[in-house]
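Student: Have a look at this one.
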Amino acid sequence: MKKRTWRAVFYSAIEGVIATFRTERNFRVHVLATMVIIAAGWFFHVDIGDWMLLTLAIAMVLGAELMNTAVEAAVDLCSPDWHPFAKKAKDAAAGAVLVASLAAAVIGIAVFIGPVLSWLNI
């Protein structure tokens, strides 16, 4: 087996992200949400600790979505016909995205509730 260079490894990873962006609607939705969150963070001048939490939440959701796409592709390749184990694998991968998204939403609420209420003078 030929050893791959770091450049080739990163190139393959970037290709995976781009391919997922091009083919998966949910990933594009999460990327759009990421841009909104980054803009809100700049608008509300969140502190470094909050940026760290937001970055972790964003990475968690996008990473889970990438893994979900990988699981679905592998399952479709291995089991083109419906099978209860294939369904279980796909449902579990989708569940991971749901859990990550819910956790990210909690983090987002915790970070932004104070600044938003202050901005609204509430």
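Ligands are numbered from 1 in the order shown, residues from 1 within each chain, and chains are lettered A, B, ... in the order they appear in the structure tokens.
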List every residue of region 52-87 of chain A that has an atom at most 12 Å from any atom of region 14-18 of chain A, giving for each one its closest atom pair and the distance in Å to one decimal, counting only C-alpha atoms, sorted by chain and then by ascending residue number, as a tab-separated table.
Tutor:
residue	atom	partner	partner_atom	distance
A:Leu62	CA	A:Val17	CA	9.4
A:Gly63	CA	A:Val17	CA	9.6
A:Glu65	CA	A:Val17	CA	10.1
A:Leu66	CA	A:Val17	CA	7.3
A:Met67	CA	A:Gly16	CA	10.5
A:Thr69	CA	A:Gly16	CA	9.8
A:Ala70	CA	A:Gly16	CA	9.2
Student: What does the file look like for those residues with all heavy atoms, as a JSON list (two decimals), in the first residue's frame?
Tutor:
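selection.json, written as the output of this step:
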[["chain", "number", "residue", "atom", "x", "y", "z"],
["A", 62, "LEU", "N", -21.37, 20.05, 11.92],
["A", 62, "LEU", "CA", -20.87, 19.79, 10.56],
["A", 62, "LEU", "C", -20.17, 18.43, 10.50],
["A", 62, "LEU", "O", -20.33, 17.69, 9.52],
["A", 62, "LEU", "CB", -19.94, 20.91, 10.11],
["A", 62, "LEU", "CG", -20.58, 22.28, 9.91],
["A", 62, "LEU", "CD1", -19.54, 23.30, 9.47],
["A", 62, "LEU", "CD2", -21.73, 22.22, 8.92],
["A", 63, "GLY", "N", -19.42, 18.09, 11.53],
["A", 63, "GLY", "CA", -18.76, 16.78, 11.57],
["A", 63, "GLY", "C", -19.76, 15.65, 11.61],
["A", 63, "GLY", "O", -19.61, 14.64, 10.91],
["A", 65, "GLU", "N", -22.79, 15.74, 10.45],
["A", 65, "GLU", "CA", -23.44, 15.68, 9.13],
["A", 65, "GLU", "C", -22.55, 15.00, 8.10],
["A", 65, "GLU", "O", -23.02, 14.21, 7.27],
["A", 65, "GLU", "CB", -23.82, 17.09, 8.68],
["A", 65, "GLU", "CG", -24.73, 17.12, 7.48],
["A", 65, "GLU", "CD", -26.11, 16.53, 7.74],
["A", 65, "GLU", "OE1", -26.81, 17.00, 8.64],
["A", 65, "GLU", "OE2", -26.48, 15.59, 7.01],
["A", 66, "LEU", "N", -21.25, 15.28, 8.15],
["A", 66, "LEU", "CA", -20.31, 14.60, 7.26],
["A", 66, "LEU", "C", -20.28, 13.09, 7.53],
["A", 66, "LEU", "O", -20.28, 12.27, 6.60],
["A", 66, "LEU", "CB", -18.91, 15.19, 7.40],
["A", 66, "LEU", "CG", -18.72, 16.58, 6.78],
["A", 66, "LEU", "CD1", -17.48, 17.25, 7.34],
["A", 66, "LEU", "CD2", -18.66, 16.49, 5.27],
["A", 67, "MET", "N", -20.26, 12.72, 8.81],
["A", 67, "MET", "CA", -20.27, 11.28, 9.15],
["A", 67, "MET", "C", -21.58, 10.63, 8.73],
["A", 67, "MET", "O", -21.59, 9.48, 8.26],
["A", 67, "MET", "CB", -20.03, 11.08, 10.65],
["A", 67, "MET", "CG", -18.61, 11.39, 11.08],
["A", 67, "MET", "SD", -17.36, 10.43, 10.20],
["A", 67, "MET", "CE", -17.82, 8.78, 10.65],
["A", 69, "THR", "N", -23.40, 11.43, 6.18],
["A", 69, "THR", "CA", -23.30, 11.24, 4.73],
["A", 69, "THR", "C", -22.43, 10.03, 4.41],
["A", 69, "THR", "O", -22.77, 9.22, 3.54],
["A", 69, "THR", "CB", -22.73, 12.51, 4.08],
["A", 69, "THR", "OG1", -23.61, 13.60, 4.35],
["A", 69, "THR", "CG2", -22.57, 12.34, 2.58],
["A", 70, "ALA", "N", -21.32, 9.88, 5.13],
["A", 70, "ALA", "CA", -20.44, 8.74, 4.90],
["A", 70, "ALA", "C", -21.13, 7.42, 5.23],
["A", 70, "ALA", "O", -21.02, 6.44, 4.48],
["A", 70, "ALA", "CB", -19.16, 8.89, 5.74]]
Student: Find the residues around Ala64 (chain A) up to 8 Å (only C-alpha atoms counted), leave out those fewer than 5 positions away in its own chain, and share them as a ChimeraX atom specification.
Tutor: /A:93,96-97,100
Student: Any idea what's packed within 12 Å of Val31 (chain A), counting only C-alpha atoms, ignoring anything in its chain fewer than 2 positions away? Could you give it as a PyMOL selection string?
Tutor: chain A and resi 17-18+20-22+24-29+33-38+58-59+61-63+65-66
Student: Between CA of Ser101 (chain A) and CA of Ala73 (chain A), measure the distance and give it in Å to one decimal.
Tutor: 21.1 Å
Student: CA of Ala92 (chain A) and CA of Val106 (chain A), how far apart in Å?
Tutor: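 Computing it gives 21.1 Å between the two atoms.
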Student: Would you list the contacts of Leu54 (chain A) as JSON, numbers by chain, taking every protein, DNA or RNA residue within 10 Å and counting only C-alpha atoms, but skipping same-chain residues closer than 3 positions in sequence?
Tutor: {"A": [34, 37, 38, 41, 46, 48, 49, 50, 51, 57, 58, 59, 60, 104, 105, 107, 108, 111]}
Student: Write out as a list in words each polymer residue whose atoms come within 8 Å of Val75 (chain A), counting only C-alpha atoms; drop sequence neighbours fewer than 3 positions from it.
Tutor: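 Using only C-alpha atoms, the neighbours found are Val71, Glu72, Cys78, Ser79, Pro80, Ala86, Ala89 and Lys90 of chain A.
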